[in-house]
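Asks: So that you have it, the file is upload24.txt, and it contains compact mmCIF, C-alpha atoms and all ligand atoms:
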# COMPACT_ATOMS: atom_id res chain seq x y z
CA MET A 1 15.36 -71.51 40.05
CA PRO A 2 12.28 -70.59 42.08
CA ILE A 3 12.57 -67.41 44.10
CA THR A 4 10.89 -67.43 47.50
CA ARG A 5 8.68 -64.39 47.99
CA GLY A 6 9.85 -62.42 50.98
CA PHE A 7 13.48 -62.94 50.05
CA THR A 8 13.08 -60.83 46.92
CA ARG A 9 13.88 -57.42 48.28
CA ARG A 10 15.91 -54.61 46.81
CA GLY A 11 18.32 -55.83 44.19
CA ALA A 12 16.33 -59.00 43.44
CA SER A 13 17.15 -60.49 40.07
CA GLU A 14 13.51 -60.64 38.92
CA PRO A 15 11.82 -57.38 39.87
CA ASP A 16 8.02 -57.36 39.89
CA PRO A 17 6.94 -55.78 36.57
CA ARG A 18 4.31 -53.74 38.43
CA LEU A 19 7.02 -52.00 40.47
CA PRO A 20 7.98 -48.48 39.45
CA PRO A 21 11.75 -47.99 39.07
CA ARG A 22 13.73 -48.25 42.36
CA GLN A 23 10.71 -49.43 44.39
CA TYR A 24 10.55 -52.71 46.39
CA ASP A 25 7.48 -54.72 47.39
CA THR A 26 6.88 -54.41 51.13
CA GLY A 27 4.74 -57.57 51.10
CA ALA A 28 2.44 -58.00 54.11
CA THR A 29 4.05 -55.12 56.02
CA TRP A 30 2.50 -51.66 55.86
CA PRO A 31 5.12 -49.20 57.06
CA VAL A 32 3.93 -46.28 59.21
CA LEU A 33 5.39 -42.88 58.35
CA HIS A 34 4.47 -39.47 59.63
CA THR A 35 6.20 -36.44 61.11
CA GLU A 36 3.75 -35.52 63.86
CA ALA A 37 2.51 -37.40 66.91
CA THR A 38 -0.45 -39.68 66.10
CA PRO A 39 -3.52 -37.59 66.91
CA ARG A 40 -6.63 -39.04 68.51
CA ILE A 41 -9.49 -37.70 66.40
CA GLN A 42 -13.01 -38.59 67.47
CA THR A 43 -15.52 -39.19 64.70
CA ASN A 44 -18.16 -37.13 66.55
CA THR A 45 -16.04 -33.97 66.18
CA TRP A 46 -14.37 -34.88 62.85
CA THR A 47 -15.02 -32.57 59.89
CA PHE A 48 -13.86 -32.29 56.30
CA THR A 49 -14.02 -28.92 54.53
CA ILE A 50 -13.58 -27.78 50.94
CA ASP A 51 -12.91 -24.05 50.72
CA GLY A 52 -10.96 -21.49 48.73
CA LEU A 53 -11.94 -21.03 45.07
CA VAL A 54 -15.31 -22.81 45.19
CA ALA A 55 -18.86 -21.60 44.63
CA THR A 56 -20.07 -23.21 47.88
CA PRO A 57 -17.51 -23.73 50.66
CA THR A 58 -18.71 -26.96 52.26
CA THR A 59 -18.05 -28.86 55.48
CA TRP A 60 -19.14 -32.45 56.02
CA ASN A 61 -19.28 -34.16 59.39
CA TRP A 62 -18.64 -37.88 59.85
CA SER A 63 -22.19 -39.07 59.15
CA GLU A 64 -22.66 -36.64 56.25
CA ILE A 65 -19.54 -37.73 54.36
CA ARG A 66 -20.34 -41.40 54.86
CA ALA A 67 -23.86 -40.84 53.50
CA LEU A 68 -22.43 -39.72 50.13
CA PRO A 69 -22.21 -42.23 47.25
CA GLY A 70 -19.24 -44.48 48.05
CA SER A 71 -16.23 -45.22 45.90
CA ARG A 72 -13.49 -47.87 46.05
CA TYR A 73 -9.83 -47.93 45.04
CA GLN A 74 -8.15 -51.27 44.47
CA GLY A 75 -4.46 -51.41 43.68
CA ALA A 76 -1.05 -50.34 44.88
CA ILE A 77 0.41 -47.51 46.94
CA HIS A 78 3.98 -46.20 46.58
CA CYS A 79 6.16 -44.38 49.12
CA VAL A 80 9.15 -42.27 48.11
CA THR A 81 11.20 -44.12 50.76
CA THR A 82 11.07 -46.93 48.11
CA TRP A 83 8.36 -49.26 49.34
CA SER A 84 5.32 -50.23 47.30
CA LYS A 85 2.37 -52.23 48.58
CA PHE A 86 0.05 -54.13 46.27
CA GLY A 87 -3.48 -55.47 46.56
CA MET A 88 -4.91 -52.70 48.72
CA THR A 89 -8.67 -52.00 48.83
CA PHE A 90 -9.72 -48.61 50.15
CA ASP A 91 -13.32 -47.46 50.61
CA GLY A 92 -14.52 -43.90 50.96
CA VAL A 93 -15.74 -41.15 48.71
CA SER A 94 -14.26 -39.89 45.47
CA VAL A 95 -12.86 -36.36 45.61
CA ASP A 96 -14.91 -35.80 42.41
CA THR A 97 -18.12 -36.26 44.44
CA LEU A 98 -16.97 -33.70 47.04
CA LEU A 99 -15.83 -31.17 44.42
CA GLU A 100 -19.10 -31.54 42.52
CA LEU A 101 -20.95 -30.36 45.63
CA ALA A 102 -18.52 -27.49 46.39
CA GLY A 103 -18.29 -26.31 42.77
CA PRO A 104 -14.70 -25.37 41.88
CA LEU A 105 -14.39 -21.94 40.24
CA ASP A 106 -12.77 -21.66 36.80
CA ASN A 107 -9.53 -20.26 38.22
CA ALA A 108 -9.02 -23.12 40.72
CA ALA A 109 -5.84 -24.80 39.46
CA PHE A 110 -4.21 -26.21 42.62
CA VAL A 111 -5.24 -27.90 45.82
CA LEU A 112 -3.67 -27.67 49.26
CA ALA A 113 -4.67 -30.71 51.30
CA ARG A 114 -4.69 -30.12 55.04
CA SER A 115 -4.63 -32.45 58.03
CA HIS A 116 -6.16 -31.98 61.47
CA THR A 117 -2.54 -31.99 62.71
CA GLY A 118 -1.38 -29.09 60.49
CA TYR A 119 0.35 -31.28 57.86
CA THR A 120 -0.17 -29.97 54.32
CA THR A 121 0.57 -31.20 50.81
CA ASN A 122 -0.05 -29.50 47.47
CA LEU A 123 -1.39 -30.94 44.22
CA PRO A 124 -2.47 -29.69 40.81
CA ILE A 125 -6.26 -30.03 40.63
CA GLU A 126 -5.93 -32.53 37.73
CA ASP A 127 -4.24 -34.94 40.15
CA VAL A 128 -7.31 -35.16 42.39
CA THR A 129 -10.07 -35.20 39.74
CA ASP A 130 -11.41 -37.77 37.23
CA GLY A 131 -11.29 -40.73 39.62
CA LYS A 132 -7.71 -40.21 40.84
CA ALA A 133 -8.26 -39.30 44.52
CA TRP A 134 -10.40 -40.33 47.45
CA VAL A 135 -11.13 -39.55 51.08
CA VAL A 136 -11.02 -43.04 52.62
CA TRP A 137 -11.99 -44.53 55.99
CA LYS A 138 -11.78 -48.27 55.32
CA VAL A 139 -8.88 -50.40 54.17
CA ASN A 140 -9.22 -54.05 53.19
CA GLY A 141 -12.68 -54.05 54.77
CA ALA A 142 -11.65 -52.70 58.20
CA PRO A 143 -11.77 -49.18 59.64
CA LEU A 144 -8.62 -47.21 58.80
CA GLU A 145 -6.33 -47.44 61.82
CA GLU A 146 -5.30 -44.29 63.64
CA ILE A 147 -1.62 -44.87 62.75
CA HIS A 148 -2.54 -44.90 59.04
CA GLY A 149 -4.56 -41.68 59.25
CA GLY A 150 -7.87 -42.83 60.71
CA PRO A 151 -10.62 -41.93 60.97
CA ALA A 152 -10.03 -40.70 57.38
CA ARG A 153 -7.16 -39.86 55.06
CA LEU A 154 -6.68 -38.58 51.56
CA LEU A 155 -5.68 -41.25 49.01
CA VAL A 156 -3.92 -40.23 45.78
CA PRO A 157 -2.49 -43.59 44.75
CA HIS A 158 -1.05 -42.60 41.37
CA LEU A 159 1.39 -40.28 43.18
CA TYR A 160 3.86 -40.96 45.97
CA PHE A 161 2.18 -41.54 49.28
CA TRP A 162 3.26 -38.27 50.92
CA LYS A 163 0.45 -36.65 48.89
CA SER A 164 -2.03 -38.88 50.75
CA ALA A 165 -2.54 -36.70 53.83
CA LYS A 166 -3.38 -38.69 56.95
CA TRP A 167 -6.09 -37.33 59.31
CA VAL A 168 -7.20 -35.18 56.40
CA SER A 169 -9.28 -32.15 57.36
CA GLY A 170 -9.91 -30.55 53.99
CA LEU A 171 -8.87 -29.20 50.63
CA THR A 172 -8.32 -25.55 49.80
CA LEU A 173 -8.61 -24.69 46.12
CA LEU A 174 -6.10 -22.12 44.90
CA ALA A 175 -5.17 -20.28 41.71
CA GLU A 176 -1.43 -20.50 42.46
CA ASP A 177 0.55 -23.49 43.72
CA GLN A 178 1.38 -23.32 47.43
CA SER A 179 4.00 -25.77 48.75
CA GLY A 180 3.04 -28.24 51.42
CA PHE A 181 5.12 -29.65 54.28
CA TRP A 182 7.43 -32.07 52.45
CA GLU A 183 7.47 -29.94 49.31
CA ARG A 184 8.91 -27.05 51.38
CA ASN A 185 11.36 -29.54 52.89
CA GLY A 186 12.89 -30.56 49.60
CA TYR A 187 10.64 -33.22 48.07
CA HIS A 188 9.72 -33.05 44.39
CA ASP A 189 6.60 -30.96 43.90
CA ARG A 190 4.53 -33.58 42.08
CA GLY A 191 5.73 -36.97 43.32
CA ASP A 192 5.11 -39.29 40.36
CA PRO A 193 6.66 -42.72 41.06
N1 LIG A 201 -0.64 -35.94 58.29
C1 LIG A 201 0.36 -36.56 57.66
N2 LIG A 201 0.07 -37.25 56.55
C2 LIG A 201 1.06 -37.90 55.89
C3 LIG A 201 2.41 -37.82 56.33
C4 LIG A 201 2.69 -37.05 57.50
O1 LIG A 201 3.84 -36.91 57.94
N3 LIG A 201 1.62 -36.45 58.14
N4 LIG A 201 3.40 -38.47 55.65
C5 LIG A 201 3.12 -38.89 54.28
C6 LIG A 201 4.08 -39.88 53.84
S1 LIG A 201 5.64 -39.35 53.47
C7 LIG A 201 3.73 -41.19 53.64
S2 LIG A 201 4.80 -42.30 52.96
C8 LIG A 201 2.40 -41.68 54.03
C9 LIG A 201 2.54 -42.86 54.95
O2 LIG A 201 1.30 -43.42 55.23
P1 LIG A 201 1.24 -44.72 56.12
O3 LIG A 201 1.90 -44.37 57.44
O4 LIG A 201 -0.19 -45.05 56.26
O5 LIG A 201 2.00 -45.77 55.39
O6 LIG A 201 1.61 -40.70 54.67
C10 LIG A 201 1.70 -39.42 54.10
N5 LIG A 201 0.74 -38.59 54.78
MO MO A 202 6.56 -41.22 52.25
Output the structure of this file as structure tokens.

Replies:
Amino acid sequence: MPITRGFTRRGASEPDPRLPPRQYDTGATWPVLHTEATPRIQTNTWTFTIDGLVATPTTWNWSEIRALPGSRYQGAIHCVTTWSKFGMTFDGVSVDTLLELAGPLDNAAFVLARSHTGYTTNLPIEDVTDGKAWVVWKVNGAPLEEIHGGPARLLVPHLYFWKSAKWVSGLTLLAEDQSGFWERNGYHDRGDP
């Protein structure tokens, strides 16, 4: 019996094989989730900074970061509230490119991602290197909307989406793990769907 897409939600008899356990496909909808009020961040004052355990603490403004070699992610995103969304195309810069310029020190083992709003989330450095994380400003060819973290957000698609800080303002490299907002509020520290 054919199953009409859109009626296959949670508990569907034929789960999409791409779905991690307990996730459902949100289809065309892209849910909006954040704890703070949506900030209005102008690109002419926007900055992104890498500091902490790096040889060269570096800040990029909007035109500087967009002048770096670009990088694209195509695939799915997964939220811990059980939705997954497939077929996403994000454009921005690889975190590898940014770290290459800042020069992580040998004892840098963790990253605390920060947002212009004060939101934070922590990650082991291996989860943002080797092509696994981006700072992105375009989605499916259009500028990233404010409600989804525009002008730019972190994207760490192999982990749950709470690691993908919206309105990202920078990364601080640390020797010891330091819990971020949701991690202090009871979420799993790593967030692997
Ligand atoms: N600044 C900020 N970034 C955030 C959050 C937040 O509350 N504040 N929530 C996270 C969570 S839990 C999710 S699921 C995604 C949601 O992104 P979306 O609203 O674009 O779907 O953003 C993540 N990044
Ligand atoms: Mo989430």

Asks: Out of A:Gly118, A:Pro157, A:Gly170, A:Gly131, which residue has the shortest atom-to-atom distance to A:His34 when counting all atoms listed in the file?

Replies: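 Ranking A:Gly118, A:Pro157, A:Gly170, A:Gly131 by distance to A:His34, first place goes to A:Gly118.
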
Asks: Could you list, as a list in words, all the residues within 6 Å of ligand MO 202 (chain A), counting all atoms listed in the file?

Replies: Cys79, Val80, Thr81, Phe161 and Trp162 of chain A

Asks: Kindly work out which residues sit at most 8 Å from ligand LIG 201 (chain A), using only C-alpha atoms and all ligand atoms, and give the list as JSON, numbers by chain.

Replies: {"A": [30, 31, 32, 33, 34, 35, 36, 78, 79, 80, 81, 114, 115, 116, 117, 118, 119, 120, 147, 148, 149, 153, 160, 161, 162, 163, 164, 165, 166, 167, 168, 182]}

Asks: May I ask for the distance between atom CA of A:Leu159 and atom CA of A:Ile77, given in Å to one decimal place?

Replies: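 One can read the atom CA of A:Leu159 to atom CA of A:Ile77 distance as 8.2 Å.
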
Asks: For A:Leu101, which residue out of A:Leu154, A:Leu173, A:Leu68, A:Val128 is the nearest one, using only C-alpha atoms?

Replies: A:Leu68

Asks: For A:Leu19, which residue out of A:His158, A:Lys85, A:Arg184, A:Lys132 is the nearest one, using all atoms listed in the file?

Replies: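 Of A:His158, A:Lys85, A:Arg184, A:Lys132, the one nearest A:Leu19, counting all atoms listed in the file, is A:Lys85.
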
Asks: Residues within 8 Å of A:Met88, please, as a list in words. Count all atoms listed in the file; anything in the same chain fewer than 2 positions from it doesn't count.

Replies: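 Here the qualifying residues turn out to be Tyr73, Gln74, Gly75, Ala76, Ile77, Lys85, Phe86, Phe90, Val139 and Asn140 of chain A.
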
Asks: Looking at A:Thr38, A:Asn185, A:Ser169, A:Thr58, which one is nearest to A:Ala113, with distances taken over only C-alpha atoms?

Replies: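 Closest to A:Ala113, using only C-alpha atoms: A:Ser169.
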
Asks: Stretch 123-134 of chain A, all listed atoms, 4 Å padding on each side: what axis-aligned box centre and edge lengths in Å to one decimal come out, as lines of an AutoDock Vina configuration file?

Replies:
center_x = -6.4
center_y = -35.2
center_z = 42.3
size_x = 18.0
size_y = 19.0
size_z = 18.2

Asks: In Å to one decimal, how far is atom CA of A:Leu155 from atom CA of A:Val135?

Replies: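 Result for atom CA of A:Val135 versus atom CA of A:Leu155: 6.1 Å, one decimal.
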
Asks: Just how far from atom CA of A:Thr43 is atom CA of A:Pro143, in Å to one decimal?

Replies: 11.8 Å

Asks: For A:Glu126, which residue out of A:Leu98, A:Ala55, A:Ile50, A:Val156 is the nearest one, using only C-alpha atoms?

Replies: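 Answer, going by the shortest atom-to-atom distance: A:Val156.
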
Asks: Using only C-alpha atoms, which of the listed residues (A:Asp91, A:Gly150, A:Leu171, A:Leu105) sits closest to A:Lys138?

Replies: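 When distances to A:Lys138 are compared using only C-alpha atoms, the smallest one comes from A:Asp91.
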
Asks: Could you list, as a list in words, every residue within 10 Å of A:Glu100, counting only C-alpha atoms and ignoring same-chain residues fewer than 4 positions away?

Replies: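 Skipping anything fewer than 4 positions along the chain leaves Val54, Thr56, Val95, Asp96 and Pro104 of chain A.
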
Asks: Next, write the just-selected residues to a file, as a PDB file, in the frame of the given file, keeping C-alpha atoms as the atom set.

Replies:
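Written file, out_25.pdb:
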ATOM      1  CA  VAL A  54     -15.310 -22.810  45.190  1.00  0.00           C
ATOM      2  CA  THR A  56     -20.070 -23.210  47.880  1.00  0.00           C
ATOM      3  CA  VAL A  95     -12.860 -36.360  45.610  1.00  0.00           C
ATOM      4  CA  ASP A  96     -14.910 -35.800  42.410  1.00  0.00           C
ATOM      5  CA  PRO A 104     -14.700 -25.370  41.880  1.00  0.00           C
TER       6      PRO A 104
END

Asks: In the coordinate frame of the file, compute which residues have an atom within 7 Å of (-6.7, -31.7, 45.4) when using all atoms listed in the file, and state them as a PyMOL selection string.

Replies: chain A and resi 110-113+123-125+127-128+171
